file target-v4.pdb (PDB, C-alpha atoms)
ATOM      1  CA  MET L 277      17.948  10.409  -2.425  1.00  0.00           C
ATOM      2  CA  LYS L 278      14.451  11.908  -2.625  1.00  0.00           C
ATOM      3  CA  ASN L 279      15.242  13.564  -5.951  1.00  0.00           C
ATOM      4  CA  GLN L 280      16.496  10.265  -7.346  1.00  0.00           C
ATOM      5  CA  LEU L 281      13.412   8.491  -6.077  1.00  0.00           C
ATOM      6  CA  PHE L 282      11.173  11.104  -7.653  1.00  0.00           C
ATOM      7  CA  ASN L 283      12.796  10.693 -11.055  1.00  0.00           C
ATOM      8  CA  VAL L 284      12.380   6.927 -10.907  1.00  0.00           C
ATOM      9  CA  VAL L 285       8.821   7.178  -9.652  1.00  0.00           C
ATOM     10  CA  ALA L 286       7.808   9.679 -12.327  1.00  0.00           C
ATOM     11  CA  GLY L 287       8.439   7.076 -14.999  1.00  0.00           C
ATOM     12  CA  ILE L 288       6.656   4.387 -13.004  1.00  0.00           C
ATOM     13  CA  ALA L 289       3.635   6.599 -12.450  1.00  0.00           C
ATOM     14  CA  ALA L 290       3.298   7.320 -16.148  1.00  0.00           C
ATOM     15  CA  ALA L 291       3.007   3.596 -16.833  1.00  0.00           C
ATOM     16  CA  PHE L 292       0.895   3.050 -13.739  1.00  0.00           C
ATOM     17  CA  LEU L 293      -1.730   5.535 -14.886  1.00  0.00           C
ATOM     18  CA  ALA L 294      -1.721   4.475 -18.519  1.00  0.00           C
ATOM     19  CA  SER L 295      -5.259   3.955 -19.743  1.00  0.00           C
ATOM     20  CA  GLY L 296      -6.656   0.481 -20.238  1.00  0.00           C
ATOM     21  CA  CYS L 297      -9.936  -1.359 -19.902  1.00  0.00           C
ATOM     22  CA  THR L 298     -11.568   0.233 -16.848  1.00  0.00           C
ATOM     23  CA  ALA L 299     -13.987  -1.101 -14.268  1.00  0.00           C
ATOM     24  CA  ARG L 300     -16.301   0.486 -11.776  1.00  0.00           C
ATOM     25  CA  ALA L 301     -14.720   1.965  -8.644  1.00  0.00           C
ATOM     26  CA  GLY L 302     -14.329  -0.521  -5.832  1.00  0.00           C
ATOM     27  CA  ALA L 303     -14.141  -3.557  -8.132  1.00  0.00           C
ATOM     28  CA  PRO L 304     -12.286  -6.547  -6.617  1.00  0.00           C
ATOM     29  CA  PRO L 305      -8.598  -7.012  -7.384  1.00  0.00           C
ATOM     30  CA  ALA L 306      -7.789  -8.513 -10.756  1.00  0.00           C
ATOM     31  CA  ALA L 307      -6.975 -12.202 -10.329  1.00  0.00           C
ATOM     32  CA  ALA L 308      -3.784 -11.879 -12.401  1.00  0.00           C
ATOM     33  CA  ILE L 309      -2.226  -9.471  -9.897  1.00  0.00           C
ATOM     34  CA  PRO L 310      -1.345 -11.086  -6.541  1.00  0.00           C
ATOM     35  CA  ALA L 311      -2.216  -9.073  -3.452  1.00  0.00           C
ATOM     36  CA  VAL L 312      -2.774  -9.352   0.278  1.00  0.00           C
ATOM     37  CA  THR L 313      -6.125  -7.691   0.879  1.00  0.00           C
ATOM     38  CA  PHE L 314      -7.579  -6.267   4.073  1.00  0.00           C
ATOM     39  CA  ARG L 315     -10.418  -4.090   5.302  1.00  0.00           C
ATOM     40  CA  ILE L 316      -9.927  -0.419   6.172  1.00  0.00           C
ATOM     41  CA  GLN L 317     -11.951   2.104   8.164  1.00  0.00           C
ATOM     42  CA  GLU L 318     -10.967   5.760   7.971  1.00  0.00           C
ATOM     43  CA  PHE L 319     -10.489   8.055  10.962  1.00  0.00           C
ATOM     44  CA  PRO L 320     -11.347  11.774  10.799  1.00  0.00           C
ATOM     45  CA  LEU L 321      -8.976  13.857   8.689  1.00  0.00           C
ATOM     46  CA  THR L 322      -6.330  15.898  10.505  1.00  0.00           C
ATOM     47  CA  ILE L 323      -4.323  18.888   9.268  1.00  0.00           C
ATOM     48  CA  VAL L 324      -0.650  19.182  10.179  1.00  0.00           C
ATOM     49  CA  ARG L 325       1.401  22.103   8.837  1.00  0.00           C
ATOM     50  CA  ASP L 326      -1.150  22.665   6.068  1.00  0.00           C
ATOM     51  CA  GLN L 327      -0.881  19.035   4.980  1.00  0.00           C
ATOM     52  CA  ARG L 328      -3.740  16.526   5.106  1.00  0.00           C
ATOM     53  CA  VAL L 329      -3.051  13.464   7.232  1.00  0.00           C
ATOM     54  CA  ARG L 330      -5.352  10.519   6.556  1.00  0.00           C
ATOM     55  CA  THR L 331      -5.430   7.488   8.828  1.00  0.00           C
ATOM     56  CA  TRP L 332      -7.085   4.103   8.488  1.00  0.00           C
ATOM     57  CA  GLN L 333      -7.644   1.194  10.847  1.00  0.00           C
ATOM     58  CA  ALA L 334      -6.742  -1.961   8.919  1.00  0.00           C
ATOM     59  CA  THR L 335      -7.821  -5.525   9.686  1.00  0.00           C
ATOM     60  CA  HIS L 336      -6.860  -8.772   7.950  1.00  0.00           C
ATOM     61  CA  GLU L 337      -8.770 -11.943   8.781  1.00  0.00           C
ATOM     62  CA  ALA L 338      -7.673 -15.439   7.807  1.00  0.00           C
ATOM     63  CA  GLY L 339      -7.462 -18.826   9.483  1.00  0.00           C
ATOM     64  CA  GLY L 340      -9.353 -17.561  12.517  1.00  0.00           C
ATOM     65  CA  LYS L 341      -6.688 -14.902  13.135  1.00  0.00           C
ATOM     66  CA  THR L 342      -7.225 -11.130  12.922  1.00  0.00           C
ATOM     67  CA  ALA L 343      -4.235  -8.875  12.308  1.00  0.00           C
ATOM     68  CA  ARG L 344      -4.736  -5.205  13.163  1.00  0.00           C
ATOM     69  CA  PHE L 345      -2.614  -2.196  12.242  1.00  0.00           C
ATOM     70  CA  ARG L 346      -2.974   1.488  11.371  1.00  0.00           C
ATOM     71  CA  ILE L 347      -1.976   3.209   8.149  1.00  0.00           C
ATOM     72  CA  GLU L 348      -1.144   6.924   8.098  1.00  0.00           C
ATOM     73  CA  LEU L 349      -0.386   8.850   4.913  1.00  0.00           C
ATOM     74  CA  VAL L 350       0.505  12.523   4.525  1.00  0.00           C
ATOM     75  CA  PHE L 351      -1.111  14.183   1.504  1.00  0.00           C
ATOM     76  CA  PRO L 352       0.674  17.361   0.336  1.00  0.00           C
ATOM     77  CA  VAL L 353      -1.312  20.488  -0.483  1.00  0.00           C
ATOM     78  CA  SER L 354      -0.629  20.033  -4.178  1.00  0.00           C
ATOM     79  CA  ASN L 355      -2.628  17.320  -5.937  1.00  0.00           C
ATOM     80  CA  ALA L 356       0.133  16.799  -8.505  1.00  0.00           C
ATOM     81  CA  VAL L 357       1.235  13.187  -8.991  1.00  0.00           C
ATOM     82  CA  PRO L 358       3.556  11.498  -8.662  1.00  0.00           C
ATOM     83  CA  THR L 359       4.773  13.201  -5.529  1.00  0.00           C
ATOM     84  CA  MET L 360       7.033  12.056  -2.727  1.00  0.00           C
ATOM     85  CA  THR L 361       5.559  12.119   0.749  1.00  0.00           C
ATOM     86  CA  THR L 362       5.712  10.114   3.975  1.00  0.00           C
ATOM     87  CA  GLY L 363       3.608   7.716   5.966  1.00  0.00           C
ATOM     88  CA  THR L 364       3.665   5.476   9.012  1.00  0.00           C
ATOM     89  CA  LEU L 365       2.406   2.035   9.923  1.00  0.00           C
ATOM     90  CA  TYR L 366       1.432   1.564  13.570  1.00  0.00           C
ATOM     91  CA  ARG L 367       1.103  -1.562  15.678  1.00  0.00           C
ATOM     92  CA  GLU L 368      -2.338  -2.114  17.194  1.00  0.00           C
ATOM     93  CA  PRO L 369      -3.088  -4.070  20.399  1.00  0.00           C
ATOM     94  CA  GLN L 370      -4.697  -7.512  20.296  1.00  0.00           C
ATOM     95  CA  SER L 371      -3.357  -8.229  16.830  1.00  0.00           C
ATOM     96  CA  GLU L 372      -2.971 -11.849  15.747  1.00  0.00           C
ATOM     97  CA  PRO L 373      -0.501 -11.522  12.870  1.00  0.00           C
ATOM     98  CA  SER L 374       0.546 -15.088  12.033  1.00  0.00           C
ATOM     99  CA  ALA L 375      -1.940 -15.612   9.174  1.00  0.00           C
ATOM    100  CA  MET L 376      -1.239 -12.237   7.589  1.00  0.00           C
ATOM    101  CA  VAL L 377       2.530 -12.703   7.818  1.00  0.00           C
ATOM    102  CA  ALA L 378       2.135 -16.081   6.105  1.00  0.00           C
ATOM    103  CA  ASP L 379       0.006 -14.487   3.374  1.00  0.00           C
ATOM    104  CA  LEU L 380       2.565 -11.710   2.920  1.00  0.00           C
ATOM    105  CA  ALA L 381       5.417 -14.196   2.644  1.00  0.00           C
ATOM    106  CA  LYS L 382       3.534 -16.159  -0.023  1.00  0.00           C
ATOM    107  CA  VAL L 383       2.327 -13.205  -2.120  1.00  0.00           C
ATOM    108  CA  LEU L 384       5.588 -11.268  -1.838  1.00  0.00           C
ATOM    109  CA  GLN L 385       7.566 -14.430  -2.649  1.00  0.00           C
ATOM    110  CA  ALA L 386       9.728 -14.262   0.445  1.00  0.00           C
ATOM    111  CA  ARG L 387      12.312 -17.031   0.474  1.00  0.00           C
ATOM    112  CA  ARG L 388      12.614 -17.265   4.238  1.00  0.00           C
ATOM    113  CA  PRO L 389      10.228 -16.349   7.070  1.00  0.00           C
ATOM    114  CA  PRO L 390      10.991 -13.243   9.132  1.00  0.00           C
ATOM    115  CA  ALA L 391      12.851 -13.894  12.360  1.00  0.00           C
ATOM    116  CA  PRO L 392      10.730 -13.547  15.522  1.00  0.00           C
ATOM    117  CA  GLY L 393      11.178 -10.518  17.743  1.00  0.00           C
ATOM    118  CA  ASN L 394      12.395  -7.054  16.804  1.00  0.00           C
ATOM    119  CA  GLN L 395       8.849  -5.702  17.049  1.00  0.00           C
ATOM    120  CA  LEU L 396       8.186  -1.988  16.585  1.00  0.00           C
ATOM    121  CA  ASP L 397       5.354   0.320  17.611  1.00  0.00           C
ATOM    122  CA  ARG L 398       5.676   2.339  14.415  1.00  0.00           C
ATOM    123  CA  LEU L 399       7.301   1.878  11.013  1.00  0.00           C
ATOM    124  CA  PRO L 400       8.146   5.079   9.057  1.00  0.00           C
ATOM    125  CA  LEU L 401       7.568   4.981   5.306  1.00  0.00           C
ATOM    126  CA  ASN L 402       8.796   6.900   2.299  1.00  0.00           C
ATOM    127  CA  VAL L 403       5.870   7.070  -0.089  1.00  0.00           C
ATOM    128  CA  SER L 404       5.422   7.943  -3.733  1.00  0.00           C
ATOM    129  CA  LEU L 405       1.798   8.960  -4.173  1.00  0.00           C
ATOM    130  CA  LEU L 406       0.968   7.706  -7.673  1.00  0.00           C
ATOM    131  CA  GLY L 407      -2.619   8.873  -7.902  1.00  0.00           C
ATOM    132  CA  GLN L 408      -5.950   9.558  -6.237  1.00  0.00           C
ATOM    133  CA  ASN L 409      -9.545   9.063  -7.378  1.00  0.00           C
ATOM    134  CA  LEU L 410      -8.471   6.210  -9.630  1.00  0.00           C
ATOM    135  CA  VAL L 411     -10.491   3.442 -11.276  1.00  0.00           C
ATOM    136  CA  ARG L 412      -9.262  -0.147 -11.388  1.00  0.00           C
ATOM    137  CA  ASN L 413      -8.480  -1.680 -14.777  1.00  0.00           C
ATOM    138  CA  THR L 414     -10.047  -5.142 -14.826  1.00  0.00           C
ATOM    139  CA  GLY L 415      -7.794  -6.314 -17.655  1.00  0.00           C
ATOM    140  CA  ALA L 416      -4.545  -5.265 -15.997  1.00  0.00           C
ATOM    141  CA  SER L 417      -1.858  -7.906 -15.574  1.00  0.00           C
ATOM    142  CA  THR L 418       0.787  -5.773 -13.824  1.00  0.00           C
ATOM    143  CA  PRO L 419       0.628  -3.454 -10.798  1.00  0.00           C
ATOM    144  CA  GLU L 420       1.796  -0.543 -12.974  1.00  0.00           C
ATOM    145  CA  SER L 421      -1.286  -0.827 -15.201  1.00  0.00           C
ATOM    146  CA  ALA L 422      -3.802  -1.598 -12.459  1.00  0.00           C
ATOM    147  CA  PHE L 423      -5.373   1.877 -12.225  1.00  0.00           C
ATOM    148  CA  THR L 424      -6.263   4.853 -14.359  1.00  0.00           C
ATOM    149  CA  PRO L 425      -7.953   8.202 -13.660  1.00  0.00           C
ATOM    150  CA  GLY L 426     -11.686   8.124 -14.324  1.00  0.00           C
ATOM    151  CA  ASP L 427     -15.062   9.463 -13.319  1.00  0.00           C
ATOM    152  CA  GLY L 428     -16.150   8.099  -9.969  1.00  0.00           C
ATOM    153  CA  GLY L 429     -12.715   6.697  -9.161  1.00  0.00           C
ATOM    154  CA  THR L 430     -12.143   6.083  -5.464  1.00  0.00           C
ATOM    155  CA  TRP L 431      -8.764   4.313  -5.278  1.00  0.00           C
ATOM    156  CA  ILE L 432      -5.527   5.760  -3.899  1.00  0.00           C
ATOM    157  CA  ALA L 433      -2.372   4.186  -5.354  1.00  0.00           C
ATOM    158  CA  ALA L 434       1.054   4.504  -3.768  1.00  0.00           C
ATOM    159  CA  LYS L 435       4.479   2.961  -3.975  1.00  0.00           C
ATOM    160  CA  VAL L 436       6.046   2.452  -0.554  1.00  0.00           C
ATOM    161  CA  PHE L 437       9.733   2.284   0.392  1.00  0.00           C
ATOM    162  CA  VAL L 438      10.923   0.625   3.626  1.00  0.00           C
ATOM    163  CA  ALA L 439      14.232  -0.349   5.218  1.00  0.00           C
ATOM    164  CA  GLU L 440      15.984   2.838   4.071  1.00  0.00           C
ATOM    165  CA  ASP L 441      14.452   2.378   0.615  1.00  0.00           C
ATOM    166  CA  GLU L 442      15.880  -1.142   0.231  1.00  0.00           C
ATOM    167  CA  GLY L 443      12.384  -2.660   0.084  1.00  0.00           C
ATOM    168  CA  GLU L 444       9.492  -1.622  -2.167  1.00  0.00           C
ATOM    169  CA  PHE L 445       5.814  -2.561  -2.537  1.00  0.00           C
ATOM    170  CA  TYR L 446       2.553  -1.061  -3.748  1.00  0.00           C
ATOM    171  CA  LEU L 447      -0.128   0.052  -1.310  1.00  0.00           C
ATOM    172  CA  ASN L 448      -3.590   0.574  -2.817  1.00  0.00           C
ATOM    173  CA  LEU L 449      -6.525   1.874  -0.793  1.00  0.00           C
ATOM    174  CA  ASP L 450     -10.200   2.294  -1.633  1.00  0.00           C
ATOM    175  CA  PRO L 451     -11.695   4.218   1.311  1.00  0.00           C
ATOM    176  CA  ALA L 452     -15.159   4.248  -0.273  1.00  0.00           C
ATOM    177  CA  ALA L 453     -15.332   0.458  -0.396  1.00  0.00           C
ATOM    178  CA  GLY L 454     -13.258  -0.060   2.759  1.00  0.00           C
ATOM    179  CA  ILE L 455     -10.624  -2.131   0.946  1.00  0.00           C
ATOM    180  CA  GLY L 456      -6.841  -2.045   1.057  1.00  0.00           C
ATOM    181  CA  GLU L 457      -4.183  -4.198  -0.555  1.00  0.00           C
ATOM    182  CA  ILE L 458      -0.452  -4.804  -0.499  1.00  0.00           C
ATOM    183  CA  VAL L 459       0.932  -5.723  -3.920  1.00  0.00           C
ATOM    184  CA  PRO L 460       4.494  -6.925  -4.579  1.00  0.00           C
ATOM    185  CA  LYS L 461       6.924  -4.812  -6.580  1.00  0.00           C
ATOM    186  CA  GLY L 462       8.980  -7.885  -7.407  1.00  0.00           C
ATOM    187  CA  PRO L 463      10.411 -11.048  -5.799  1.00  0.00           C
ATOM    188  CA  ARG L 464      13.744  -9.380  -5.074  1.00  0.00           C
ATOM    189  CA  TYR L 465      11.986  -7.350  -2.355  1.00  0.00           C
ATOM    190  CA  GLY L 466      10.023 -10.229  -0.825  1.00  0.00           C
ATOM    191  CA  ASP L 467      12.236 -10.981   2.164  1.00  0.00           C
ATOM    192  CA  ILE L 468      12.841  -7.326   3.041  1.00  0.00           C
ATOM    193  CA  VAL L 469       9.220  -6.201   2.814  1.00  0.00           C
ATOM    194  CA  THR L 470       7.861  -9.232   4.674  1.00  0.00           C
ATOM    195  CA  ARG L 471      10.419  -8.730   7.426  1.00  0.00           C
ATOM    196  CA  GLU L 472       9.657  -5.021   7.794  1.00  0.00           C
ATOM    197  CA  LEU L 473       5.868  -5.404   7.755  1.00  0.00           C
ATOM    198  CA  ALA L 474       6.018  -8.249  10.280  1.00  0.00           C
ATOM    199  CA  LYS L 475       7.617  -5.825  12.754  1.00  0.00           C
ATOM    200  CA  ILE L 476       4.382  -3.862  13.230  1.00  0.00           C
ATOM    201  CA  LEU L 477       1.781  -6.652  12.853  1.00  0.00           C
TER
END
call {"tool": "encode", "arguments": {"input": "target-v4.pdb", "output": "structure tokens"}}
result
Amino acid sequence: MKNQLFNVVAGIAAAFLASGCTARAGAPPAAAIPAVTFRIQEFPLTIVRDQRVRTWQATHEAGGKTARFRIELVFPVSNAVPTMTTGTLYREPQSEPSAMVADLAKVLQARRPPAPGNQLDRLPLNVSLLGQNLVRNTGASTPESAFTPGDGGTWIAAKVFVAEDEGEFYLNLDPAAGIGEIVPKGPRYGDIVTRELAKIL
């Protein structure tokens, strides 16, 4: 399964990193690309089995509600991209998720709201790391063309697989600006991704 995912992701990454009109690092999301945005604050780096583990506290505020969760990504020793790796989303206490779940359902084009209950403390992820130190393309109209390598780039772009790889979405992080975003892969994944993310919010 991982080999198959890598072959698919390699083609996606080539399009994802294709050069276009670039903007300064940390520029706001292009209006043409829907996204659920949130703030991130990075914890100190940890090393596990010679791999870098980076963790961020994430907060989403809307409608007087603040959703809180943690993002953990494992960065392999090699900087080659694309590369398959893993990650985890963690539930945080005192999270008020209703507004974020509603935003996710809208942006991801979910056709039905996730059922209540079935909450988890952690949600394992399969992750295709598409690039690091990227610059946002202001003229991009698709997630695959949203970033390109460039001087001063600060974005991390990843494609995330959940629910035994049945659901897919893009996770983009700019640690320098303290910004993160969840971007839909396509409407066919809306229900699955919304349901899975709601479990840890």
call {"tool": "closest_residue", "arguments": {"input": "target-v4.pdb", "among": "L:Ile432, L:Val324, L:Ala311, L:Val357", "to": "Ala453 in chain L", "atoms": "all atoms listed in the file"}}
result
L:Ile432
call {"tool": "resolve_selection", "arguments": {"input": "target-v4.pdb", "expression": "the PyMOL selection byres ((chain L and resi 360) around 7)", "output": "list in words"}}
result
Phe282, Pro358, Thr359, Thr361, Val403, Ser404 and Leu405 of chain L
call {"tool": "closest_residue", "arguments": {"input": "target-v4.pdb", "among": "L:Thr418, L:Gln408, L:Thr342, L:Gln370", "to": "Ala434 in chain L", "atoms": "all atoms listed in the file"}}
result
L:Gln408
call {"tool": "resolve_selection", "arguments": {"input": "target-v4.pdb", "expression": "the PyMOL selection byres ((chain L and resi 320) around 9)", "output": "PyMOL selection string"}}
result
chain L and resi 318-319+321-322+330-331
call {"tool": "resolve_selection", "arguments": {"input": "target-v4.pdb", "expression": "the PyMOL selection byres ((chain L and resi 441-444) around 12)", "output": "short mmCIF file (atom, residue, chain, number, x, y, z; two decimals) with C-alpha atoms, keeping the file's coordinate frame"}}
result
data_model
loop_
_atom_site.label_atom_id
_atom_site.label_comp_id
_atom_site.auth_asym_id
_atom_site.auth_seq_id
_atom_site.Cartn_x
_atom_site.Cartn_y
_atom_site.Cartn_z
CA MET L 277 17.95 10.41 -2.42
CA LYS L 278 14.45 11.91 -2.62
CA GLN L 280 16.50 10.26 -7.35
CA LEU L 281 13.41 8.49 -6.08
CA VAL L 285 8.82 7.18 -9.65
CA LEU L 384 5.59 -11.27 -1.84
CA ALA L 386 9.73 -14.26 0.44
CA PRO L 400 8.15 5.08 9.06
CA LEU L 401 7.57 4.98 5.31
CA ASN L 402 8.80 6.90 2.30
CA VAL L 403 5.87 7.07 -0.09
CA SER L 404 5.42 7.94 -3.73
CA ALA L 434 1.05 4.50 -3.77
CA LYS L 435 4.48 2.96 -3.98
CA VAL L 436 6.05 2.45 -0.55
CA PHE L 437 9.73 2.28 0.39
CA VAL L 438 10.92 0.62 3.63
CA ALA L 439 14.23 -0.35 5.22
CA GLU L 440 15.98 2.84 4.07
CA PHE L 445 5.81 -2.56 -2.54
CA TYR L 446 2.55 -1.06 -3.75
CA LEU L 447 -0.13 0.05 -1.31
CA ILE L 458 -0.45 -4.80 -0.50
CA VAL L 459 0.93 -5.72 -3.92
CA PRO L 460 4.49 -6.92 -4.58
CA LYS L 461 6.92 -4.81 -6.58
CA GLY L 462 8.98 -7.88 -7.41
CA PRO L 463 10.41 -11.05 -5.80
CA ARG L 464 13.74 -9.38 -5.07
CA TYR L 465 11.99 -7.35 -2.36
CA GLY L 466 10.02 -10.23 -0.82
CA ASP L 467 12.24 -10.98 2.16
CA ILE L 468 12.84 -7.33 3.04
CA VAL L 469 9.22 -6.20 2.81
CA THR L 470 7.86 -9.23 4.67
CA ARG L 471 10.42 -8.73 7.43
CA GLU L 472 9.66 -5.02 7.79
CA LEU L 473 5.87 -5.40 7.76
#
call {"tool": "closest_residue", "arguments": {"input": "target-v4.pdb", "among": "L:Ala356, L:Gly428, L:Ala474, L:Arg344", "to": "Pro392 in chain L", "atoms": "all atoms listed in the file"}}
result
L:Ala474
call {"tool": "closest_residue", "arguments": {"input": "target-v4.pdb", "among": "L:Gln385, L:Gln333, L:Ser421, L:Thr414", "to": "Gln317 in chain L", "atoms": "only C-alpha atoms"}}
result
L:Gln333
call {"tool": "atom_distance", "arguments": {"input": "target-v4.pdb", "atom1": "CA of Ala343 in chain L", "atom2": "CA of Asp379 in chain L"}}
result
11.4 Å
call {"tool": "atom_distance", "arguments": {"input": "target-v4.pdb", "atom1": "CA of Gly456 in chain L", "atom2": "CA of Phe345 in chain L"}}
result
12.0 Å
call {"tool": "build_atoms", "arguments": {"input": "target-v4.pdb", "residues": "range 317-341 of chain L", "atoms": "N, CA and C atoms", "output": "tab-separated table (two decimals), in the frame of the given file"}}
result
chain	number	residue	atom	x	y	z
L	317	GLN	N	-10.95	1.15	7.68
L	317	GLN	CA	-11.95	2.10	8.16
L	317	GLN	C	-11.23	3.41	8.48
L	318	GLU	N	-11.69	4.49	7.87
L	318	GLU	CA	-10.97	5.76	7.97
L	318	GLU	C	-11.33	6.54	9.23
L	319	PHE	N	-10.31	7.14	9.85
L	319	PHE	CA	-10.49	8.06	10.96
L	319	PHE	C	-10.72	9.47	10.42
L	320	PRO	N	-11.18	10.39	11.26
L	320	PRO	CA	-11.35	11.77	10.80
L	320	PRO	C	-10.03	12.37	10.30
L	321	LEU	N	-10.14	13.18	9.27
L	321	LEU	CA	-8.98	13.86	8.69
L	321	LEU	C	-8.36	14.83	9.69
L	322	THR	N	-7.02	14.90	9.70
L	322	THR	CA	-6.33	15.90	10.50
L	322	THR	C	-5.44	16.74	9.60
L	323	ILE	N	-5.17	17.96	10.01
L	323	ILE	CA	-4.32	18.89	9.27
L	323	ILE	C	-3.08	19.18	10.10
L	324	VAL	N	-1.92	18.93	9.51
L	324	VAL	CA	-0.65	19.18	10.18
L	324	VAL	C	0.22	20.00	9.24
L	325	ARG	N	0.57	21.20	9.65
L	325	ARG	CA	1.40	22.10	8.84
L	325	ARG	C	0.84	22.23	7.42
L	326	ASP	N	-0.45	22.46	7.34
L	326	ASP	CA	-1.15	22.66	6.07
L	326	ASP	C	-1.18	21.42	5.19
L	327	GLN	N	-0.81	20.27	5.73
L	327	GLN	CA	-0.88	19.04	4.98
L	327	GLN	C	-1.98	18.15	5.55
L	328	ARG	N	-2.67	17.43	4.68
L	328	ARG	CA	-3.74	16.53	5.11
L	328	ARG	C	-3.14	15.19	5.54
L	329	VAL	N	-3.51	14.75	6.72
L	329	VAL	CA	-3.05	13.46	7.23
L	329	VAL	C	-4.27	12.55	7.33
L	330	ARG	N	-4.25	11.47	6.56
L	330	ARG	CA	-5.35	10.52	6.56
L	330	ARG	C	-4.90	9.21	7.20
L	331	THR	N	-5.77	8.67	8.05
L	331	THR	CA	-5.43	7.49	8.83
L	331	THR	C	-6.54	6.46	8.71
L	332	TRP	N	-6.13	5.20	8.59
L	332	TRP	CA	-7.08	4.10	8.49
L	332	TRP	C	-6.74	3.00	9.48
L	333	GLN	N	-7.79	2.44	10.10
L	333	GLN	CA	-7.64	1.19	10.85
L	333	GLN	C	-7.74	0.05	9.85
L	334	ALA	N	-6.77	-0.84	9.86
L	334	ALA	CA	-6.74	-1.96	8.92
L	334	ALA	C	-6.88	-3.27	9.67
L	335	THR	N	-7.66	-4.20	9.10
L	335	THR	CA	-7.82	-5.52	9.69
L	335	THR	C	-7.73	-6.58	8.59
L	336	HIS	N	-7.02	-7.64	8.87
L	336	HIS	CA	-6.86	-8.77	7.95
L	336	HIS	C	-7.29	-10.03	8.69
L	337	GLU	N	-8.25	-10.75	8.14
L	337	GLU	CA	-8.77	-11.94	8.78
L	337	GLU	C	-8.51	-13.16	7.91
L	338	ALA	N	-7.92	-14.17	8.51
L	338	ALA	CA	-7.67	-15.44	7.81
L	338	ALA	C	-7.34	-16.50	8.84
L	339	GLY	N	-7.80	-17.72	8.60
L	339	GLY	CA	-7.46	-18.83	9.48
L	339	GLY	C	-7.85	-18.60	10.93
L	340	GLY	N	-8.93	-17.84	11.15
L	340	GLY	CA	-9.35	-17.56	12.52
L	340	GLY	C	-8.50	-16.54	13.25
L	341	LYS	N	-7.57	-15.91	12.55
L	341	LYS	CA	-6.69	-14.90	13.14
L	341	LYS	C	-6.99	-13.53	12.54
